[in-house]
$ cat coords-v1.txt   # compact mmCIF, C-alpha atoms and all ligand atoms
# COMPACT_ATOMS: atom_id res chain seq x y z
CA MET A 248 0.00 0.00 0.00
CA GLN A 249 1.31 3.47 -0.86
CA HIS A 250 1.87 5.70 2.15
CA THR A 251 1.46 9.47 1.80
CA ASP A 252 1.54 12.35 4.27
CA THR A 253 0.36 15.90 3.66
CA TYR A 254 2.62 18.79 4.71
CA LEU A 255 1.99 22.50 5.00
CA MET A 256 4.30 25.09 3.45
CA GLY A 257 3.38 27.87 5.86
CA ASN A 258 1.70 29.96 3.11
CA SER A 259 -1.59 28.00 3.13
CA GLN A 260 -0.30 25.73 0.37
CA SER A 261 0.28 22.06 1.00
CA TYR A 262 2.01 19.13 -0.64
CA VAL A 263 2.24 15.38 -0.29
CA ILE A 264 5.34 13.22 -0.53
CA ARG A 265 4.95 9.88 -2.26
CA PRO A 266 7.07 7.42 -4.27
CA ILE A 267 7.51 8.29 -7.92
CA HIS A 268 5.13 6.69 -10.38
CA ILE A 269 5.55 5.89 -14.06
CA SER A 270 2.76 8.36 -14.87
CA ASP A 271 4.93 11.19 -13.43
CA ARG A 272 7.10 11.35 -16.55
CA GLU A 273 5.81 14.65 -17.99
CA ARG A 274 5.70 16.32 -14.58
CA ILE A 275 9.31 15.35 -13.87
CA ILE A 276 10.34 16.84 -17.23
CA ALA A 277 8.41 20.00 -16.34
CA LEU A 278 10.13 20.25 -12.93
CA PHE A 279 13.60 20.11 -14.52
CA ASP A 280 12.62 22.39 -17.41
CA HIS A 281 11.72 25.07 -14.87
CA LEU A 282 14.84 24.76 -12.71
CA SER A 283 17.13 27.77 -12.81
CA PRO A 284 20.54 27.21 -14.44
CA GLU A 285 22.12 27.56 -10.99
CA SER A 286 19.91 24.87 -9.45
CA ARG A 287 20.61 22.56 -12.38
CA TYR A 288 24.31 23.07 -11.92
CA LEU A 289 24.13 22.42 -8.17
CA ARG A 290 22.14 19.22 -8.77
CA PHE A 291 24.05 17.78 -11.73
CA ALA A 292 27.40 19.52 -11.11
CA HIS A 293 27.55 20.59 -14.73
CA ALA A 294 25.41 22.79 -16.90
CA ILE A 295 22.69 20.79 -18.62
CA SER A 296 19.88 22.31 -20.58
CA LYS A 297 17.74 19.18 -20.91
CA LEU A 298 17.14 16.26 -18.61
CA PRO A 299 19.16 13.31 -19.98
CA ASP A 300 16.87 10.54 -21.32
CA ALA A 301 18.85 7.87 -19.47
CA PHE A 302 18.28 9.70 -16.18
CA LEU A 303 14.56 9.89 -16.83
CA GLU A 304 14.29 6.20 -17.70
CA ASP A 305 16.33 5.21 -14.63
CA ILE A 306 14.23 7.24 -12.28
CA LEU A 307 10.92 6.01 -13.65
CA HIS A 308 11.91 2.33 -13.61
CA LEU A 309 13.35 1.83 -10.15
CA ASP A 310 14.55 -1.38 -8.61
CA TYR A 311 12.79 -0.80 -5.29
CA ALA A 312 15.05 -3.21 -3.41
CA LYS A 313 18.02 -0.90 -4.01
CA GLU A 314 16.57 2.42 -5.10
CA MET A 315 13.95 4.92 -4.09
CA ALA A 316 12.64 8.14 -5.55
CA LEU A 317 10.15 10.34 -3.73
CA VAL A 318 8.31 13.28 -5.21
CA ALA A 319 6.72 16.28 -3.49
CA VAL A 320 3.40 17.00 -5.19
CA LEU A 321 1.64 20.33 -4.83
CA GLN A 322 -1.95 20.05 -3.60
CA ALA A 323 -3.86 22.80 -5.38
CA VAL A 324 -7.04 22.91 -7.37
CA THR A 325 -5.36 24.74 -10.23
CA ALA A 326 -1.90 23.15 -10.19
CA GLN A 327 -2.69 19.75 -11.74
CA ASP A 328 -0.59 17.92 -9.16
CA ASP A 329 2.62 19.70 -10.13
CA ILE A 330 5.77 17.98 -8.90
CA ILE A 331 7.74 20.56 -6.92
CA GLY A 332 10.57 18.40 -5.59
CA ILE A 333 12.26 15.06 -6.01
CA ALA A 334 14.71 13.12 -3.87
CA ARG A 335 16.31 9.86 -4.79
CA TYR A 336 18.78 7.30 -3.59
CA VAL A 337 20.61 4.54 -5.41
CA THR A 338 22.55 1.69 -3.83
CA PRO A 339 25.50 0.20 -5.70
CA PRO A 340 25.63 -3.63 -5.86
CA ASP A 341 26.91 -5.49 -2.79
CA THR A 342 26.74 -2.55 -0.39
CA LEU A 343 24.28 -1.22 2.18
CA ILE A 344 25.40 2.35 1.50
CA CYS A 345 23.04 4.45 -0.61
CA GLU A 346 23.73 7.76 -2.36
CA PHE A 347 21.09 10.50 -2.42
CA SER A 348 20.36 13.41 -4.75
CA ILE A 349 17.65 16.05 -4.45
CA SER A 350 16.07 18.99 -6.30
CA VAL A 351 13.32 21.38 -5.23
CA ALA A 352 11.63 23.79 -7.67
CA ASP A 353 13.13 27.27 -7.23
CA GLN A 354 9.69 28.79 -6.82
CA TYR A 355 9.05 26.59 -3.76
CA ALA A 356 12.51 26.75 -2.17
CA SER A 357 12.96 27.57 1.53
CA HIS A 358 9.58 26.20 2.62
CA GLY A 359 10.98 23.09 4.26
CA ILE A 360 10.28 20.79 1.29
CA GLY A 361 13.93 19.75 0.82
CA THR A 362 14.23 18.93 4.53
CA GLN A 363 10.99 16.92 4.51
CA LEU A 364 12.00 15.01 1.35
CA MET A 365 15.32 14.11 2.99
CA LEU A 366 13.58 13.01 6.21
CA ASP A 367 11.22 10.74 4.27
CA LEU A 368 14.06 9.39 2.12
CA ILE A 369 16.12 8.60 5.23
CA ALA A 370 13.14 6.81 6.84
CA ARG A 371 12.66 4.68 3.72
CA ALA A 372 16.35 3.83 3.51
CA LYS A 373 16.24 2.69 7.15
CA ASP A 374 13.10 0.63 6.52
CA ASN A 375 14.87 -1.01 3.58
CA GLY A 376 17.74 -2.15 5.80
CA LEU A 377 20.38 0.24 4.46
CA GLN A 378 23.12 1.23 6.89
CA LYS A 379 24.43 4.50 5.58
CA MET A 380 23.36 7.36 3.32
CA ILE A 381 25.96 9.46 1.55
CA GLY A 382 25.87 12.35 -0.90
CA TYR A 383 28.26 14.48 -2.90
CA VAL A 384 27.55 18.18 -2.49
CA LEU A 385 29.44 21.02 -4.14
CA GLY A 386 31.40 23.14 -1.66
CA THR A 387 29.69 26.14 -3.28
CA ASN A 388 26.28 24.89 -2.07
CA PRO A 389 26.04 26.17 1.52
CA LYS A 390 22.26 25.73 1.57
CA MET A 391 22.44 21.97 0.95
CA LEU A 392 25.42 21.58 3.29
CA GLY A 393 23.44 23.42 6.01
CA LEU A 394 20.33 21.35 5.36
CA VAL A 395 22.14 17.99 5.70
CA SER A 396 24.14 19.16 8.67
CA GLU A 397 20.84 20.03 10.46
CA LEU A 398 19.76 16.43 9.75
CA GLY A 399 22.89 15.04 11.43
CA PHE A 400 25.03 14.29 8.38
CA GLU A 401 28.79 14.55 8.77
CA ILE A 402 30.59 16.65 6.16
CA ALA A 403 34.04 15.63 4.94
CA ASP A 404 36.53 16.84 2.34
CA ILE A 405 37.33 14.54 -0.57
CA ASP A 406 41.08 14.12 -1.12
CA ASP A 407 41.17 14.05 -4.91
CA ASP A 408 38.18 16.32 -5.56
CA PRO A 409 38.38 19.74 -3.93
CA ASP A 410 35.09 20.89 -5.49
CA PHE A 411 32.90 18.40 -3.62
CA LYS A 412 32.19 17.49 -0.01
CA MET A 413 31.08 14.03 0.94
CA VAL A 414 28.22 14.05 3.42
CA SER A 415 27.25 10.90 5.30
CA LEU A 416 24.68 9.72 7.82
CA THR A 417 24.66 6.41 9.67
CA LEU A 418 21.11 5.09 9.43
C1 LIG B 1 19.18 22.52 -1.73
C2 LIG B 1 17.68 22.35 -1.91
C3 LIG B 1 17.35 20.86 -2.15
C4 LIG B 1 16.99 22.81 -0.61
O1 LIG B 1 15.60 22.63 -0.73
P1 LIG B 1 14.58 23.55 0.10
O2 LIG B 1 13.24 22.99 -0.09
O3 LIG B 1 14.80 24.97 -0.26
O4 LIG B 1 15.11 23.28 1.57
P2 LIG B 1 14.42 23.68 2.95
O5 LIG B 1 13.36 24.68 2.74
O6 LIG B 1 14.05 22.42 3.64
O7 LIG B 1 15.59 24.29 3.76
C5 LIG B 1 16.26 25.37 3.23
C6 LIG B 1 16.04 26.55 4.08
O8 LIG B 1 14.68 26.75 4.43
C7 LIG B 1 14.55 26.89 5.86
N1 LIG B 1 13.24 26.30 6.25
C8 LIG B 1 13.03 25.06 6.74
N2 LIG B 1 11.71 24.88 6.98
C9 LIG B 1 11.08 26.03 6.61
C10 LIG B 1 9.70 26.47 6.62
N3 LIG B 1 8.69 25.66 7.05
N4 LIG B 1 9.43 27.69 6.14
C11 LIG B 1 10.42 28.50 5.68
N5 LIG B 1 11.72 28.15 5.68
C12 LIG B 1 12.06 26.93 6.14
C13 LIG B 1 15.70 26.16 6.41
O9 LIG B 1 16.05 26.63 7.70
C14 LIG B 1 16.75 26.49 5.39
O10 LIG B 1 17.20 27.78 5.62
P3 LIG B 1 18.66 28.22 5.19
O11 LIG B 1 18.74 28.03 3.70
O12 LIG B 1 18.75 29.64 5.57
O13 LIG B 1 19.57 27.33 5.96
C15 LIG B 1 17.14 23.21 -3.08
O14 LIG B 1 17.49 24.54 -2.86
C16 LIG B 1 17.63 22.77 -4.45
O15 LIG B 1 16.97 21.98 -5.13
N6 LIG B 1 18.83 23.27 -4.88
C17 LIG B 1 19.37 22.92 -6.19
C18 LIG B 1 19.79 21.46 -6.29
C19 LIG B 1 20.75 21.06 -5.21
O16 LIG B 1 21.52 21.85 -4.70
N7 LIG B 1 20.71 19.76 -4.83
C20 LIG B 1 21.60 19.23 -3.81
C21 LIG B 1 22.75 18.45 -4.39
S1 LIG B 1 22.41 16.70 -4.40
$ encode --input "coords-v1.txt" --output "structure tokens" --more "lines below"
Ligand SMILES: CC(C)(COP(=O)(O)OP(=O)(O)OC[C@H]1O[C@@H](n2cnc3c(N)ncnc32)[C@H](O)[C@@H]1OP(=O)(O)O)[C@@H](O)C(=O)NCCC(=O)NCCS
Amino acid sequence: MQHTDTYLMGNSQSYVIRPIHISDRERIIALFDHLSPESRYLRFAHAISKLPDAFLEDILHLDYAKEMALVAVLQAVTAQDDIIGIARYVTPPDTLICEFSISVADQYASHGIGTQLMLDLIARAKDNGLQKMIGYVLGTNPKMLGLVSELGFEIADIDDDPDFKMVSLTL
């Protein structure tokens, strides 16, 4: 059974967080199409103008034993269930360490959606028996570094990559 919770943004708008569904394809494309160049860069660490097809296929066809993708969906009469955030983890073979990534629509940033997506993603990773969650965050992304540090992640330098920090949380 699919589990969803409704959250308030503090401006009378609300959203639910639920696992991604195959029918979300067009709404995921719309979310990325509307991201600012800066947000795209912070998420993908290079400038992309279009969501890569392989990324889209991967995210819509998850292996739920190892992977998870949650979407934040706006609850509004006029918004046609717009997707306003997405958080995902993948787990490489033969490990119990998953790697997350996250994006929130610029228009809805700083309303707690990124934090809530991370909290739900962490809960699901724990439920799925994973032991650790890691992420690679650009050093020029203080907002994401602050967000994960509030959630208890440790932040470490990476020896051979000065641009990125590795953040990790024992689950
Ligand atoms: C980084 C990112 C995911 C954060 O998402 P977000 O939804 O804005 O995050 P939150 O709202 O939970 O937290 C961010 C800020 O809002 C504040 N906040 C938390 N709850 C809030 C609420 N209910 N109302 C208002 N503000 C709130 C937090 O204190 C935080 O403040 P700070 O930036 O001054 O530290 C988003 O900005 C993004 O998609 N960036 C581009 C992609 C990216 O950087 N991805 C990470 C690399 S994997």
$ closest_residue --input "coords-v1.txt" --among "A:Leu416, A:Ala370, A:Ala356, A:Ile344" --to "ligand LIG 1 (chain B)" --atoms "all atoms listed in the file"
A:Ala356
$ residues_around --input "coords-v1.txt" --residues "A:Thr387" --least-positions-apart "5" --cutoff "9 Å" --atoms "all atoms listed in the file" --output "ChimeraX atom specification"
/A:289,410-411
$ write_last_selection --input "coords-v1.txt" --atoms "C-alpha atoms" --output "PDB file, in the frame of the given file"
ATOM      1  CA  LEU A 289      24.130  22.420  -8.170  1.00  0.00           C
ATOM      2  CA  ASP A 410      35.090  20.890  -5.490  1.00  0.00           C
ATOM      3  CA  PHE A 411      32.900  18.400  -3.620  1.00  0.00           C
TER       4      PHE A 411
END
$ residues_near_ligand --input "coords-v1.txt" --ligand "ligand LIG 1 (chain B)" --cutoff "9 Å" --atoms "all atoms listed in the file" --output "PyMOL selection string"
chain A and resi 255-258+282-283+285-292+332-334+347-353+355-365+382-385+388-394+397
$ atom_distance --input "coords-v1.txt" --atom1 "atom CA of A:Ile267" --atom2 "atom CA of A:Asp341"
24.3 Å
$ residues_around --input "coords-v1.txt" --residues "A:Ala323" --least-positions-apart "3" --cutoff "9 Å" --atoms "all atoms listed in the file" --output "NGL selection string"
:A and (260-262 or 326-329)
$ closest_residue --input "coords-v1.txt" --among "A:Arg265, A:Lys373, A:Arg335, A:His281" --to "A:Leu309" --atoms "all atoms listed in the file"
A:Arg335
$ residues_around --input "coords-v1.txt" --residues "A:Ala319" --least-positions-apart "4" --cutoff "6 Å" --atoms "all atoms listed in the file" --output "list in words"
Val263, Ile264, Ile330, Ile331 and Gly332 of chain A
$ closest_residue --input "coords-v1.txt" --among "A:Val324, A:Leu377, A:Leu368, A:Leu298" --to "A:Ala312" --atoms "only C-alpha atoms"
A:Leu377
$ residues_near_point --input "coords-v1.txt" --point "(19.4, 3.5, -6.0)" --cutoff "9 Å" --atoms "all atoms listed in the file" --output "count of residues only"
17
$ build_atoms --input "coords-v1.txt" --residues "stretch 304-315 of chain A" --atoms "all heavy atoms" --output "CSV table (one decimal), keeping the file's coordinate frame"
chain,number,residue,atom,x,y,z
A,304,GLU,N,14.7,7.6,-17.7
A,304,GLU,CA,14.3,6.2,-17.7
A,304,GLU,C,14.7,5.5,-16.4
A,304,GLU,O,13.9,4.8,-15.8
A,304,GLU,CB,15.0,5.5,-18.9
A,304,GLU,CG,14.4,5.9,-20.2
A,304,GLU,CD,12.9,5.9,-20.3
A,304,GLU,OE1,12.3,5.0,-19.8
A,304,GLU,OE2,12.3,6.9,-20.8
A,305,ASP,N,15.9,5.8,-15.9
A,305,ASP,CA,16.3,5.2,-14.6
A,305,ASP,C,15.4,5.5,-13.5
A,305,ASP,O,15.0,4.7,-12.7
A,305,ASP,CB,17.7,5.8,-14.2
A,305,ASP,CG,18.8,5.1,-14.9
A,305,ASP,OD1,18.5,4.2,-15.8
A,305,ASP,OD2,20.0,5.4,-14.7
A,306,ILE,N,15.0,6.8,-13.4
A,306,ILE,CA,14.2,7.2,-12.3
A,306,ILE,C,12.8,6.8,-12.3
A,306,ILE,O,12.1,6.6,-11.3
A,306,ILE,CB,14.3,8.8,-12.1
A,306,ILE,CG1,14.3,9.2,-10.7
A,306,ILE,CG2,13.3,9.5,-13.0
A,306,ILE,CD1,14.8,10.5,-10.4
A,307,LEU,N,12.3,6.5,-13.5
A,307,LEU,CA,10.9,6.0,-13.6
A,307,LEU,C,10.8,4.5,-13.5
A,307,LEU,O,9.7,3.9,-13.3
A,307,LEU,CB,10.3,6.5,-15.0
A,307,LEU,CG,10.0,8.0,-15.1
A,307,LEU,CD1,9.7,8.3,-16.5
A,307,LEU,CD2,8.9,8.4,-14.1
A,308,HIS,N,11.9,3.8,-13.7
A,308,HIS,CA,11.9,2.3,-13.6
A,308,HIS,C,12.9,1.9,-12.5
A,308,HIS,O,13.9,1.4,-12.8
A,308,HIS,CB,12.3,1.7,-15.0
A,308,HIS,CG,11.4,2.1,-16.0
A,308,HIS,ND1,11.6,3.1,-16.9
A,308,HIS,CD2,10.2,1.6,-16.4
A,308,HIS,CE1,10.6,3.2,-17.7
A,308,HIS,NE2,9.7,2.3,-17.4
A,309,LEU,N,12.5,2.1,-11.3
A,309,LEU,CA,13.4,1.8,-10.2
A,309,LEU,C,13.3,0.4,-9.8
A,309,LEU,O,12.3,-0.3,-9.9
A,309,LEU,CB,12.9,2.6,-8.9
A,309,LEU,CG,13.0,4.2,-9.0
A,309,LEU,CD1,12.5,4.8,-7.8
A,309,LEU,CD2,14.4,4.6,-9.3
A,310,ASP,N,14.5,-0.1,-9.3
A,310,ASP,CA,14.6,-1.4,-8.6
A,310,ASP,C,14.3,-1.1,-7.1
A,310,ASP,O,15.3,-0.6,-6.4
A,310,ASP,CB,15.9,-2.0,-8.9
A,310,ASP,CG,16.2,-3.2,-8.0
A,310,ASP,OD1,15.3,-3.6,-7.2
A,310,ASP,OD2,17.3,-3.7,-8.1
A,311,TYR,N,13.1,-1.3,-6.6
A,311,TYR,CA,12.8,-0.8,-5.3
A,311,TYR,C,13.6,-1.5,-4.2
A,311,TYR,O,13.5,-1.0,-3.0
A,311,TYR,CB,11.3,-0.9,-5.1
A,311,TYR,CG,10.6,0.3,-5.7
A,311,TYR,CD1,10.0,0.2,-7.0
A,311,TYR,CD2,10.6,1.5,-5.1
A,311,TYR,CE1,9.4,1.2,-7.6
A,311,TYR,CE2,10.0,2.6,-5.7
A,311,TYR,CZ,9.4,2.5,-6.9
A,311,TYR,OH,8.8,3.5,-7.5
A,312,ALA,N,14.2,-2.6,-4.5
A,312,ALA,CA,15.0,-3.2,-3.4
A,312,ALA,C,16.3,-2.3,-3.1
A,312,ALA,O,16.8,-2.3,-2.0
A,312,ALA,CB,15.5,-4.6,-3.8
A,313,LYS,N,16.8,-1.6,-4.1
A,313,LYS,CA,18.0,-0.9,-4.0
A,313,LYS,C,17.9,0.6,-4.2
A,313,LYS,O,18.8,1.4,-3.9
A,313,LYS,CB,19.0,-1.4,-5.1
A,313,LYS,CG,19.2,-2.8,-5.2
A,313,LYS,CD,20.2,-3.4,-4.3
A,313,LYS,CE,21.6,-3.4,-4.3
A,313,LYS,NZ,22.3,-3.6,-3.1
A,314,GLU,N,16.7,1.0,-4.7
A,314,GLU,CA,16.6,2.4,-5.1
A,314,GLU,C,15.2,3.0,-4.6
A,314,GLU,O,14.3,2.2,-4.3
A,314,GLU,CB,16.6,2.5,-6.6
A,314,GLU,CG,17.8,2.0,-7.3
A,314,GLU,CD,17.7,2.0,-8.8
A,314,GLU,OE1,16.7,1.6,-9.3
A,314,GLU,OE2,18.7,2.4,-9.4
A,315,MET,N,15.2,4.3,-4.5
A,315,MET,CA,14.0,4.9,-4.1
A,315,MET,C,13.9,6.3,-4.7
A,315,MET,O,15.0,7.0,-4.8
A,315,MET,CB,13.9,5.0,-2.6
A,315,MET,CG,12.7,5.7,-2.0
A,315,MET,SD,11.1,5.0,-2.5
A,315,MET,CE,11.3,3.4,-1.7
